[in-house]
$ cat upload-v3.pdb   # PDB, C-alpha atoms
ATOM      1  CA  MET A   1     -22.263 -46.229 -41.251
ATOM      2  CA  ASN A   2     -19.320 -47.324 -43.406
ATOM      3  CA  ARG A   3     -18.677 -44.197 -45.485
ATOM      4  CA  ARG A   4     -16.578 -46.101 -47.990
ATOM      5  CA  GLU A   5     -19.525 -48.268 -48.988
ATOM      6  CA  SER A   6     -22.350 -45.787 -49.464
ATOM      7  CA  ILE A   7     -24.545 -45.097 -52.429
ATOM      8  CA  ASN A   8     -24.291 -41.486 -53.520
ATOM      9  CA  HIS A   9     -24.850 -39.266 -56.552
ATOM     10  CA  ASN A  10     -22.966 -36.712 -58.578
ATOM     11  CA  ASN A  11     -24.063 -33.492 -60.244
ATOM     12  CA  THR A  12     -25.695 -35.353 -63.129
ATOM     13  CA  GLY A  13     -28.465 -36.469 -60.802
ATOM     14  CA  TYR A  14     -27.829 -40.089 -61.760
ATOM     15  CA  PRO A  15     -27.469 -42.731 -59.062
ATOM     16  CA  THR A  16     -23.867 -43.574 -58.377
ATOM     17  CA  CYS A  17     -22.024 -45.914 -56.104
ATOM     18  CA  VAL A  18     -19.061 -44.701 -54.078
ATOM     19  CA  ARG A  19     -16.813 -47.504 -52.863
ATOM     20  CA  ASN A  20     -13.335 -46.719 -51.568
ATOM     21  CA  GLY A  21     -13.312 -43.459 -53.515
ATOM     22  CA  SER A  22     -14.293 -44.995 -56.883
ATOM     23  CA  LEU A  23     -17.327 -43.360 -58.515
ATOM     24  CA  ILE A  24     -19.659 -45.648 -60.488
ATOM     25  CA  HIS A  25     -22.509 -44.136 -62.529
ATOM     26  CA  ALA A  26     -25.731 -46.076 -62.170
ATOM     27  CA  SER A  27     -28.435 -44.562 -64.361
ATOM     28  CA  ASP A  28     -30.268 -47.239 -66.299
ATOM     29  CA  ARG A  29     -28.256 -46.642 -69.454
ATOM     30  CA  GLU A  30     -24.924 -46.183 -67.767
ATOM     31  CA  LEU A  31     -25.537 -49.053 -65.389
ATOM     32  CA  LEU A  32     -26.034 -51.477 -68.265
ATOM     33  CA  ALA A  33     -23.117 -50.031 -70.235
ATOM     34  CA  SER A  34     -20.748 -50.089 -67.270
ATOM     35  CA  GLY A  35     -20.268 -53.844 -67.362
ATOM     36  CA  ARG A  36     -21.029 -54.030 -63.651
ATOM     37  CA  TYR A  37     -24.748 -54.645 -64.041
ATOM     38  CA  HIS A  38     -26.758 -57.051 -66.155
ATOM     39  CA  ASN A  39     -30.168 -58.701 -66.142
ATOM     40  CA  LEU A  40     -31.051 -62.385 -66.232
ATOM     41  CA  PRO A  41     -34.369 -62.227 -68.145
ATOM     42  CA  LEU A  42     -37.026 -64.753 -67.200
ATOM     43  CA  PRO A  43     -38.543 -66.924 -69.951
ATOM     44  CA  GLY A  44     -41.961 -65.315 -70.297
ATOM     45  CA  ALA A  45     -43.006 -64.905 -66.657
ATOM     46  CA  LEU A  46     -42.139 -62.307 -64.026
ATOM     47  CA  GLY A  47     -41.687 -61.720 -60.304
ATOM     48  CA  PRO A  48     -38.512 -63.529 -59.097
ATOM     49  CA  GLU A  49     -39.342 -62.525 -55.529
ATOM     50  CA  SER A  50     -36.646 -64.544 -53.757
ATOM     51  CA  ILE A  51     -33.239 -65.898 -54.734
ATOM     52  CA  ALA A  52     -31.429 -69.039 -53.581
ATOM     53  CA  PHE A  53     -28.157 -70.827 -54.281
ATOM     54  CA  ASP A  54     -27.820 -74.566 -53.749
ATOM     55  CA  CYS A  55     -25.358 -76.442 -51.536
ATOM     56  CA  LYS A  56     -22.734 -76.323 -54.325
ATOM     57  CA  GLY A  57     -23.204 -72.589 -54.840
ATOM     58  CA  HIS A  58     -24.971 -73.078 -58.156
ATOM     59  CA  GLY A  59     -27.852 -70.873 -59.254
ATOM     60  CA  PRO A  60     -29.533 -68.572 -58.745
ATOM     61  CA  TYR A  61     -32.850 -70.362 -58.281
ATOM     62  CA  VAL A  62     -36.017 -68.255 -58.354
ATOM     63  CA  GLY A  63     -39.766 -68.649 -58.246
ATOM     64  CA  ASN A  64     -41.966 -66.697 -60.617
ATOM     65  CA  SER A  65     -45.529 -65.756 -61.532
ATOM     66  CA  ASP A  66     -46.373 -69.074 -63.219
ATOM     67  CA  GLY A  67     -45.622 -71.122 -60.088
ATOM     68  CA  ARG A  68     -42.420 -72.806 -61.221
ATOM     69  CA  ILE A  69     -38.973 -72.762 -59.627
ATOM     70  CA  LEU A  70     -36.309 -71.978 -62.227
ATOM     71  CA  LYS A  71     -32.551 -72.510 -62.121
ATOM     72  CA  TRP A  72     -30.036 -70.314 -63.920
ATOM     73  CA  GLU A  73     -27.669 -72.553 -65.906
ATOM     74  CA  GLY A  74     -25.188 -69.865 -66.942
ATOM     75  CA  HIS A  75     -26.736 -69.352 -70.373
ATOM     76  CA  GLY A  76     -30.451 -69.589 -69.655
ATOM     77  CA  TRP A  77     -33.082 -70.913 -67.277
ATOM     78  CA  SER A  78     -34.203 -74.498 -66.762
ATOM     79  CA  GLU A  79     -37.227 -75.732 -64.846
ATOM     80  CA  PHE A  80     -36.216 -77.136 -61.468
ATOM     81  CA  ALA A  81     -39.485 -77.722 -59.592
ATOM     82  CA  ILE A  82     -43.231 -77.251 -59.594
ATOM     83  CA  PRO A  83     -45.382 -76.749 -56.483
ATOM     84  CA  SER A  84     -48.120 -79.282 -57.142
ATOM     85  CA  PRO A  85     -48.622 -82.551 -59.048
ATOM     86  CA  ILE A  86     -51.943 -81.286 -60.429
ATOM     87  CA  ARG A  87     -50.568 -78.012 -61.808
ATOM     88  CA  ASN A  88     -51.942 -77.487 -65.330
ATOM     89  CA  ARG A  89     -49.000 -76.734 -67.620
ATOM     90  CA  ALA A  90     -51.133 -75.601 -70.534
ATOM     91  CA  LEU A  91     -52.842 -73.077 -68.303
ATOM     92  CA  CYS A  92     -49.950 -72.055 -66.094
ATOM     93  CA  ASP A  93     -46.613 -72.046 -67.923
ATOM     94  CA  GLY A  94     -45.615 -68.470 -68.637
ATOM     95  CA  THR A  95     -48.692 -66.883 -67.076
ATOM     96  CA  ILE A  96     -48.594 -63.471 -65.439
ATOM     97  CA  ASN A  97     -52.294 -63.544 -64.491
ATOM     98  CA  PRO A  98     -52.568 -63.165 -60.697
ATOM     99  CA  ASN A  99     -56.022 -64.777 -60.732
ATOM    100  CA  LEU A 100     -54.379 -68.065 -61.739
ATOM    101  CA  GLU A 101     -52.048 -68.072 -58.733
ATOM    102  CA  PRO A 102     -54.312 -70.265 -56.558
ATOM    103  CA  ILE A 103     -54.171 -72.908 -59.320
ATOM    104  CA  CYS A 104     -50.597 -72.518 -60.540
ATOM    105  CA  GLY A 105     -48.950 -71.575 -57.251
ATOM    106  CA  ARG A 106     -46.829 -68.539 -56.424
ATOM    107  CA  PRO A 107     -43.472 -69.378 -54.795
ATOM    108  CA  LEU A 108     -42.149 -66.495 -52.707
ATOM    109  CA  GLY A 109     -39.485 -67.383 -50.128
ATOM    110  CA  LEU A 110     -36.759 -69.858 -51.165
ATOM    111  CA  MET A 111     -33.920 -71.355 -49.139
ATOM    112  CA  PHE A 112     -31.696 -74.411 -49.498
ATOM    113  CA  ASN A 113     -30.820 -76.362 -46.402
ATOM    114  CA  LYS A 114     -27.084 -76.608 -47.059
ATOM    115  CA  ALA A 115     -26.840 -79.696 -44.837
ATOM    116  CA  THR A 116     -29.319 -81.758 -46.874
ATOM    117  CA  CYS A 117     -29.374 -79.842 -50.184
ATOM    118  CA  ASP A 118     -33.186 -79.779 -50.019
ATOM    119  CA  LEU A 119     -34.934 -76.648 -51.247
ATOM    120  CA  TYR A 120     -37.668 -75.235 -49.015
ATOM    121  CA  ILE A 121     -40.354 -73.100 -50.614
ATOM    122  CA  ALA A 122     -42.831 -70.698 -49.067
ATOM    123  CA  ASP A 123     -45.627 -70.779 -51.630
ATOM    124  CA  ALA A 124     -48.222 -68.057 -51.107
ATOM    125  CA  TYR A 125     -51.095 -70.484 -51.776
ATOM    126  CA  PHE A 126     -49.798 -74.018 -51.146
ATOM    127  CA  GLY A 127     -47.955 -73.329 -47.878
ATOM    128  CA  LEU A 128     -44.559 -74.678 -46.888
ATOM    129  CA  LEU A 129     -43.056 -77.083 -49.453
ATOM    130  CA  ARG A 130     -39.856 -79.049 -49.905
ATOM    131  CA  VAL A 131     -38.132 -80.479 -52.952
ATOM    132  CA  GLY A 132     -35.001 -82.631 -53.124
ATOM    133  CA  ARG A 133     -31.687 -81.699 -54.693
ATOM    134  CA  ASN A 134     -32.750 -83.055 -58.087
ATOM    135  CA  GLY A 135     -35.935 -81.014 -58.245
ATOM    136  CA  GLY A 136     -39.285 -82.244 -59.533
ATOM    137  CA  VAL A 137     -42.652 -82.021 -57.819
ATOM    138  CA  ALA A 138     -42.460 -80.400 -54.387
ATOM    139  CA  THR A 139     -43.674 -82.222 -51.288
ATOM    140  CA  HIS A 140     -46.338 -80.471 -49.260
ATOM    141  CA  LEU A 141     -45.299 -80.056 -45.607
ATOM    142  CA  VAL A 142     -47.823 -77.835 -43.838
ATOM    143  CA  SER A 143     -50.560 -75.332 -44.734
ATOM    144  CA  SER A 144     -52.110 -74.400 -41.383
ATOM    145  CA  ALA A 145     -51.279 -73.808 -37.727
ATOM    146  CA  GLU A 146     -53.570 -73.945 -34.692
ATOM    147  CA  GLY A 147     -56.449 -74.755 -37.024
ATOM    148  CA  ILE A 148     -56.001 -71.544 -39.030
ATOM    149  CA  PRO A 149     -55.101 -72.056 -42.711
ATOM    150  CA  PHE A 150     -52.245 -70.092 -44.194
ATOM    151  CA  ARG A 151     -53.451 -67.411 -46.574
ATOM    152  CA  LEU A 152     -50.159 -65.841 -47.631
ATOM    153  CA  THR A 153     -47.083 -67.938 -46.873
ATOM    154  CA  ASN A 154     -44.274 -65.556 -47.588
ATOM    155  CA  ALA A 155     -40.635 -65.883 -46.490
ATOM    156  CA  LEU A 156     -38.419 -68.401 -44.695
ATOM    157  CA  ASP A 157     -35.031 -69.184 -43.217
ATOM    158  CA  ILE A 158     -33.516 -72.458 -41.997
ATOM    159  CA  ASP A 159     -31.426 -73.507 -39.034
ATOM    160  CA  GLU A 160     -29.142 -75.957 -40.817
ATOM    161  CA  HIS A 161     -28.050 -77.589 -37.546
ATOM    162  CA  THR A 162     -31.558 -78.588 -36.453
ATOM    163  CA  GLY A 163     -33.411 -78.435 -39.777
ATOM    164  CA  VAL A 164     -36.015 -76.134 -38.217
ATOM    165  CA  VAL A 165     -37.663 -73.758 -40.691
ATOM    166  CA  TYR A 166     -38.827 -70.296 -39.615
ATOM    167  CA  PHE A 167     -41.375 -68.669 -41.897
ATOM    168  CA  THR A 168     -44.134 -66.084 -42.132
ATOM    169  CA  ASP A 169     -47.809 -66.192 -43.007
ATOM    170  CA  SER A 170     -48.461 -62.536 -43.792
ATOM    171  CA  SER A 171     -52.240 -62.541 -43.413
ATOM    172  CA  ALA A 172     -55.030 -64.838 -42.269
ATOM    173  CA  ILE A 173     -57.520 -62.820 -44.341
ATOM    174  CA  PHE A 174     -56.015 -61.749 -47.668
ATOM    175  CA  GLN A 175     -54.173 -63.790 -50.277
ATOM    176  CA  ARG A 176     -51.155 -62.568 -52.213
ATOM    177  CA  ARG A 177     -53.071 -61.094 -55.134
ATOM    178  CA  GLN A 178     -55.019 -59.009 -52.602
ATOM    179  CA  TYR A 179     -52.040 -58.081 -50.416
ATOM    180  CA  ILE A 180     -52.584 -54.322 -50.806
ATOM    181  CA  LEU A 181     -55.845 -54.696 -48.866
ATOM    182  CA  SER A 182     -53.891 -56.014 -45.899
ATOM    183  CA  PHE A 183     -51.819 -52.827 -45.893
ATOM    184  CA  ASN A 184     -54.785 -50.528 -46.506
ATOM    185  CA  THR A 185     -56.899 -52.005 -43.706
ATOM    186  CA  ARG A 186     -53.915 -52.291 -41.337
ATOM    187  CA  GLU A 187     -55.186 -55.651 -40.181
ATOM    188  CA  ARG A 188     -53.029 -57.644 -37.788
ATOM    189  CA  THR A 189     -53.490 -61.323 -38.479
ATOM    190  CA  GLY A 190     -49.947 -62.125 -39.650
ATOM    191  CA  ARG A 191     -47.899 -64.795 -37.893
ATOM    192  CA  VAL A 192     -44.324 -65.988 -37.500
ATOM    193  CA  LEU A 193     -44.060 -69.779 -37.453
ATOM    194  CA  LYS A 194     -41.632 -72.575 -36.740
ATOM    195  CA  TYR A 195     -41.656 -75.931 -38.541
ATOM    196  CA  ASP A 196     -39.772 -78.896 -37.079
ATOM    197  CA  PRO A 197     -39.059 -81.519 -39.788
ATOM    198  CA  ASN A 198     -38.274 -84.167 -37.171
ATOM    199  CA  SER A 199     -41.767 -84.073 -35.686
ATOM    200  CA  ASN A 200     -43.516 -82.594 -38.712
ATOM    201  CA  GLN A 201     -45.094 -80.091 -36.314
ATOM    202  CA  VAL A 202     -45.604 -76.370 -36.726
ATOM    203  CA  SER A 203     -45.843 -73.868 -33.875
ATOM    204  CA  VAL A 204     -46.560 -70.145 -33.686
ATOM    205  CA  LEU A 205     -43.775 -67.868 -32.459
ATOM    206  CA  GLY A 206     -45.545 -64.559 -33.032
ATOM    207  CA  ARG A 207     -49.061 -63.474 -33.894
ATOM    208  CA  GLY A 208     -51.072 -60.290 -34.311
ATOM    209  CA  LEU A 209     -48.513 -58.798 -36.712
ATOM    210  CA  GLN A 210     -49.172 -56.327 -39.513
ATOM    211  CA  PHE A 211     -48.006 -58.120 -42.668
ATOM    212  CA  PRO A 212     -44.856 -59.911 -41.470
ATOM    213  CA  ASN A 213     -42.651 -60.480 -44.472
ATOM    214  CA  GLY A 214     -38.953 -61.391 -44.619
ATOM    215  CA  VAL A 215     -37.208 -63.454 -41.941
ATOM    216  CA  ALA A 216     -33.537 -64.105 -41.199
ATOM    217  CA  LEU A 217     -31.709 -66.014 -38.478
ATOM    218  CA  SER A 218     -28.615 -64.605 -36.838
ATOM    219  CA  LYS A 219     -25.357 -66.372 -37.634
ATOM    220  CA  ASP A 220     -25.283 -68.003 -34.191
ATOM    221  CA  LYS A 221     -29.010 -68.881 -34.477
ATOM    222  CA  SER A 222     -29.785 -67.078 -31.207
ATOM    223  CA  PHE A 223     -32.355 -64.691 -32.670
ATOM    224  CA  LEU A 224     -34.677 -64.219 -35.617
ATOM    225  CA  LEU A 225     -35.318 -60.953 -37.438
ATOM    226  CA  VAL A 226     -38.747 -60.368 -38.976
ATOM    227  CA  ALA A 227     -39.686 -57.555 -41.357
ATOM    228  CA  GLU A 228     -43.133 -56.243 -40.389
ATOM    229  CA  GLY A 229     -44.189 -54.546 -43.608
ATOM    230  CA  GLY A 230     -47.306 -52.809 -42.342
ATOM    231  CA  THR A 231     -45.466 -50.920 -39.597
ATOM    232  CA  ARG A 232     -42.161 -50.473 -41.438
ATOM    233  CA  ARG A 233     -40.328 -52.166 -38.610
ATOM    234  CA  ILE A 234     -37.822 -54.960 -38.191
ATOM    235  CA  LEU A 235     -38.577 -57.034 -35.116
ATOM    236  CA  LYS A 236     -36.232 -59.259 -33.143
ATOM    237  CA  PHE A 237     -37.303 -62.587 -31.626
ATOM    238  CA  GLN A 238     -34.862 -63.959 -29.046
ATOM    239  CA  LEU A 239     -35.031 -67.720 -29.641
ATOM    240  CA  ASN A 240     -33.665 -68.823 -26.268
ATOM    241  CA  GLN A 241     -36.995 -67.820 -24.709
ATOM    242  CA  PRO A 242     -39.899 -70.308 -24.592
ATOM    243  CA  LEU A 243     -42.316 -67.645 -25.837
ATOM    244  CA  PRO A 244     -40.180 -64.974 -27.471
ATOM    245  CA  ILE A 245     -41.523 -61.445 -27.191
ATOM    246  CA  PRO A 246     -40.782 -59.383 -30.311
ATOM    247  CA  GLN A 247     -38.566 -56.375 -29.707
ATOM    248  CA  LEU A 248     -38.111 -53.377 -31.979
ATOM    249  CA  PHE A 249     -34.814 -53.776 -33.847
ATOM    250  CA  LEU A 250     -35.070 -51.060 -36.535
ATOM    251  CA  GLN A 251     -37.716 -48.497 -37.493
ATOM    252  CA  LEU A 252     -37.805 -47.635 -41.199
ATOM    253  CA  ILE A 253     -39.678 -45.141 -43.374
ATOM    254  CA  ARG A 254     -40.205 -47.596 -46.217
ATOM    255  CA  SER A 255     -41.800 -50.981 -46.059
ATOM    256  CA  PRO A 256     -39.213 -53.762 -45.667
ATOM    257  CA  ASP A 257     -39.479 -56.879 -47.780
ATOM    258  CA  ASN A 258     -37.085 -59.837 -47.582
ATOM    259  CA  ILE A 259     -34.094 -60.029 -45.243
ATOM    260  CA  LYS A 260     -30.990 -62.045 -46.103
ATOM    261  CA  ARG A 261     -27.911 -62.735 -43.995
ATOM    262  CA  ASN A 262     -24.533 -62.752 -45.711
ATOM    263  CA  ARG A 263     -21.584 -65.026 -44.870
ATOM    264  CA  HIS A 264     -20.170 -62.481 -42.436
ATOM    265  CA  GLY A 265     -23.340 -62.459 -40.345
ATOM    266  CA  ASP A 266     -24.575 -59.052 -41.520
ATOM    267  CA  PHE A 267     -28.054 -58.550 -42.965
ATOM    268  CA  TRP A 268     -29.491 -57.006 -46.117
ATOM    269  CA  VAL A 269     -33.100 -55.828 -46.093
ATOM    270  CA  ALA A 270     -34.822 -54.760 -49.314
ATOM    271  CA  LEU A 271     -37.056 -51.686 -49.188
ATOM    272  CA  ASN A 272     -39.762 -52.373 -51.713
ATOM    273  CA  SER A 273     -42.243 -49.489 -51.418
ATOM    274  CA  GLY A 274     -42.562 -45.824 -50.523
ATOM    275  CA  ARG A 275     -40.575 -44.333 -53.382
ATOM    276  CA  PRO A 276     -43.043 -41.514 -54.134
ATOM    277  CA  GLN A 277     -42.510 -40.089 -50.658
ATOM    278  CA  ARG A 278     -38.932 -39.087 -51.488
ATOM    279  CA  ARG A 279     -38.111 -39.087 -47.784
ATOM    280  CA  ARG A 280     -34.870 -39.696 -45.944
ATOM    281  CA  LEU A 281     -34.095 -42.961 -44.201
ATOM    282  CA  LEU A 282     -31.770 -42.962 -41.181
ATOM    283  CA  SER A 283     -29.030 -41.492 -43.326
ATOM    284  CA  PRO A 284     -27.408 -38.306 -44.565
ATOM    285  CA  SER A 285     -29.600 -36.128 -46.775
ATOM    286  CA  ARG A 286     -27.951 -37.416 -49.950
ATOM    287  CA  ILE A 287     -29.567 -40.813 -49.431
ATOM    288  CA  GLN A 288     -32.879 -39.991 -51.108
ATOM    289  CA  ASP A 289     -33.938 -43.291 -52.670
ATOM    290  CA  PRO A 290     -32.784 -46.159 -50.446
ATOM    291  CA  ILE A 291     -33.674 -49.545 -51.926
ATOM    292  CA  GLY A 292     -31.695 -51.595 -49.418
ATOM    293  CA  ILE A 293     -29.829 -51.384 -46.132
ATOM    294  CA  LYS A 294     -27.056 -53.551 -44.715
ATOM    295  CA  PHE A 295     -26.818 -53.719 -40.922
ATOM    296  CA  ASP A 296     -25.017 -55.819 -38.357
ATOM    297  CA  LYS A 297     -26.334 -58.047 -35.575
ATOM    298  CA  ASN A 298     -26.632 -55.035 -33.268
ATOM    299  CA  GLY A 299     -28.642 -52.944 -35.716
ATOM    300  CA  ASN A 300     -25.776 -50.674 -36.763
ATOM    301  CA  ILE A 301     -26.194 -49.423 -40.343
ATOM    302  CA  LEU A 302     -23.210 -50.452 -42.484
ATOM    303  CA  GLN A 303     -24.245 -49.646 -46.035
ATOM    304  CA  TYR A 304     -27.044 -48.163 -48.132
ATOM    305  CA  LEU A 305     -28.101 -48.930 -51.678
ATOM    306  CA  ASN A 306     -29.601 -45.872 -53.342
ATOM    307  CA  GLY A 307     -31.670 -46.339 -56.501
ATOM    308  CA  TYR A 308     -32.349 -42.667 -57.293
ATOM    309  CA  ASN A 309     -35.535 -43.670 -59.115
ATOM    310  CA  SER A 310     -33.735 -45.885 -61.598
ATOM    311  CA  ASP A 311     -36.377 -48.004 -63.326
ATOM    312  CA  LEU A 312     -34.117 -51.058 -63.314
ATOM    313  CA  LEU A 313     -34.213 -51.045 -59.515
ATOM    314  CA  SER A 314     -37.717 -49.683 -59.033
ATOM    315  CA  SER A 315     -38.974 -52.829 -57.330
ATOM    316  CA  VAL A 316     -36.435 -54.701 -55.227
ATOM    317  CA  SER A 317     -37.864 -57.450 -53.015
ATOM    318  CA  GLU A 318     -34.581 -59.095 -52.007
ATOM    319  CA  ILE A 319     -30.852 -58.424 -52.009
ATOM    320  CA  GLU A 320     -28.687 -61.529 -52.035
ATOM    321  CA  GLU A 321     -24.936 -61.046 -51.626
ATOM    322  CA  HIS A 322     -23.163 -63.967 -53.302
ATOM    323  CA  SER A 323     -19.671 -64.482 -54.754
ATOM    324  CA  GLY A 324     -18.890 -60.817 -55.302
ATOM    325  CA  ASN A 325     -22.289 -59.874 -56.697
ATOM    326  CA  PHE A 326     -25.557 -58.419 -55.540
ATOM    327  CA  TYR A 327     -28.568 -60.360 -56.885
ATOM    328  CA  PHE A 328     -31.798 -58.359 -56.875
ATOM    329  CA  GLY A 329     -35.154 -60.109 -56.613
ATOM    330  CA  SER A 330     -38.407 -58.393 -57.558
ATOM    331  CA  ALA A 331     -42.096 -59.125 -57.141
ATOM    332  CA  VAL A 332     -42.948 -57.578 -60.524
ATOM    333  CA  LYS A 333     -39.913 -57.395 -62.810
ATOM    334  CA  PRO A 334     -39.313 -59.955 -65.594
ATOM    335  CA  TYR A 335     -35.658 -60.433 -64.662
ATOM    336  CA  VAL A 336     -33.132 -60.922 -61.876
ATOM    337  CA  GLY A 337     -30.716 -57.988 -61.587
ATOM    338  CA  VAL A 338     -27.028 -58.671 -60.997
ATOM    339  CA  LEU A 339     -24.568 -56.001 -59.866
ATOM    340  CA  ARG A 340     -20.874 -56.710 -59.392
ATOM    341  CA  ILE A 341     -19.790 -55.411 -55.991
TER     342      ILE A 341
END

$ encode --input "upload-v3.pdb" --output "structure tokens"
Amino acid sequence: MNRRESINHNNTGYPTCVRNGSLIHASDRELLASGRYHNLPLPGALGPESIAFDCKGHGPYVGNSDGRILKWEGHGWSEFAIPSPIRNRALCDGTINPNLEPICGRPLGLMFNKATCDLYIADAYFGLLRVGRNGGVATHLVSSAEGIPFRLTNALDIDEHTGVVYFTDSSAIFQRRQYILSFNTRERTGRVLKYDPNSNQVSVLGRGLQFPNGVALSKDKSFLLVAEGGTRRILKFQLNQPLPIPQLFLQLIRSPDNIKRNRHGDFWVALNSGRPQRRRLLSPSRIQDPIGIKFDKNGNILQYLNGYNSDLLSSVSEIEEHSGNFYFGSAVKPYVGVLRI
């Protein structure tokens, strides 16, 4: 663990960040007043689960509860894409009703292919989608594999050299609005998949998983990490094998959500549930509310983010490290959080 980059607390009980000896208070009030943290409020919807920046570094781009992909323009949000040509704007725009998700769409994982500037979207209901650099209506790519329809397309990553997309379908039984039933029943129908844009074919890399969620390729593209939410594990798939066998990479005490790789090749995983347990996570006792972990390609823990039950960071689905900031996604919040590193 890098001791200079740990999240800690002082005798006030507020969350604080210790970096190179500098103490930063991070209670909700102090965090907002510090100038280091601010929110990017969504226009009427909620749940910016995943965050993406385009091939010019512009953004962030996020999906939300009404099915649209939005782009941050520096002063507000603009609509960038919609998941279906038959989406009903009068019914969908601004909705937070989960029962409308099958109609309006619910984009979860987002990633730009920096080589082509195309945005790939894992929509929980419509499957794997793609939209060009200028946005508009997304193109449907695939919604089933081996004759089994996707029920909860979740997260993705892209090999920019080959164009291959790796993604997860978290359950073959339950849809996103029923995801808690997948956890409660401990069913194992989740899959890890591979889409080849050259052949337009999809293949299954892993099956029988308990709610596979976030995915991230290593910097050298030799392996894929998969967050298995139901078992609180991160699994490693060695991609130089014809049929990769998942290996245990990290065991956690909170359910992992999305995984993102930074430019140095290290990974951030968001820990999006388990707060009431108040348990420790692979760390000194002072780390009581870990909302994210940074680790290297060998699984060595480099940094913790500790929320200490701050409401602003009570639901973090993704941590994106970009241009000196942390961007926090959330499945339920009506904003994107931004913290200057």

$ closest_residue --input "upload-v3.pdb" --among "A:Phe267, A:Tyr120, A:Phe53, A:Tyr37" --to "Tyr166 (chain A)" --atoms "only C-alpha atoms"
A:Tyr120

$ residues_near_point --input "upload-v3.pdb" --point "(-26.9, -73.6, -56.3)" --cutoff "12 Å" --atoms "all atoms listed in the file" --output "ChimeraX atom specification"
/A:51-62,70-74,80,110-114,117-119,133-135,322-323

$ closest_residue --input "upload-v3.pdb" --among "A:Thr139, A:Asn325, A:Asn88, A:Thr153" --to "Arg176 (chain A)" --atoms "all atoms listed in the file"
A:Thr153

$ closest_residue --input "upload-v3.pdb" --among "A:Gln178, A:Thr189, A:Asn39, A:Thr168" --to "Phe326 (chain A)" --atoms "all atoms listed in the file"
A:Asn39

$ residues_near_point --input "upload-v3.pdb" --point "(-38.0, -60.1, -47.2)" --cutoff "10 Å" --atoms "only C-alpha atoms" --output "PyMOL selection string"
chain A and resi 49-50+108-109+154-156+168+212-216+226-229+255-260+268-272+316-319+329

$ atom_distance --input "upload-v3.pdb" --atom1 "CA of Val332 (chain A)" --atom2 "CA of Ser65 (chain A)"
8.6 Å

$ atom_distance --input "upload-v3.pdb" --atom1 "CA of Ser84 (chain A)" --atom2 "CA of Leu141 (chain A)"
11.9 Å

$ closest_residue --input "upload-v3.pdb" --among "A:Leu217, A:Asp266, A:Ile293, A:Gly147" --to "Leu252 (chain A)" --atoms "all atoms listed in the file"
A:Ile293
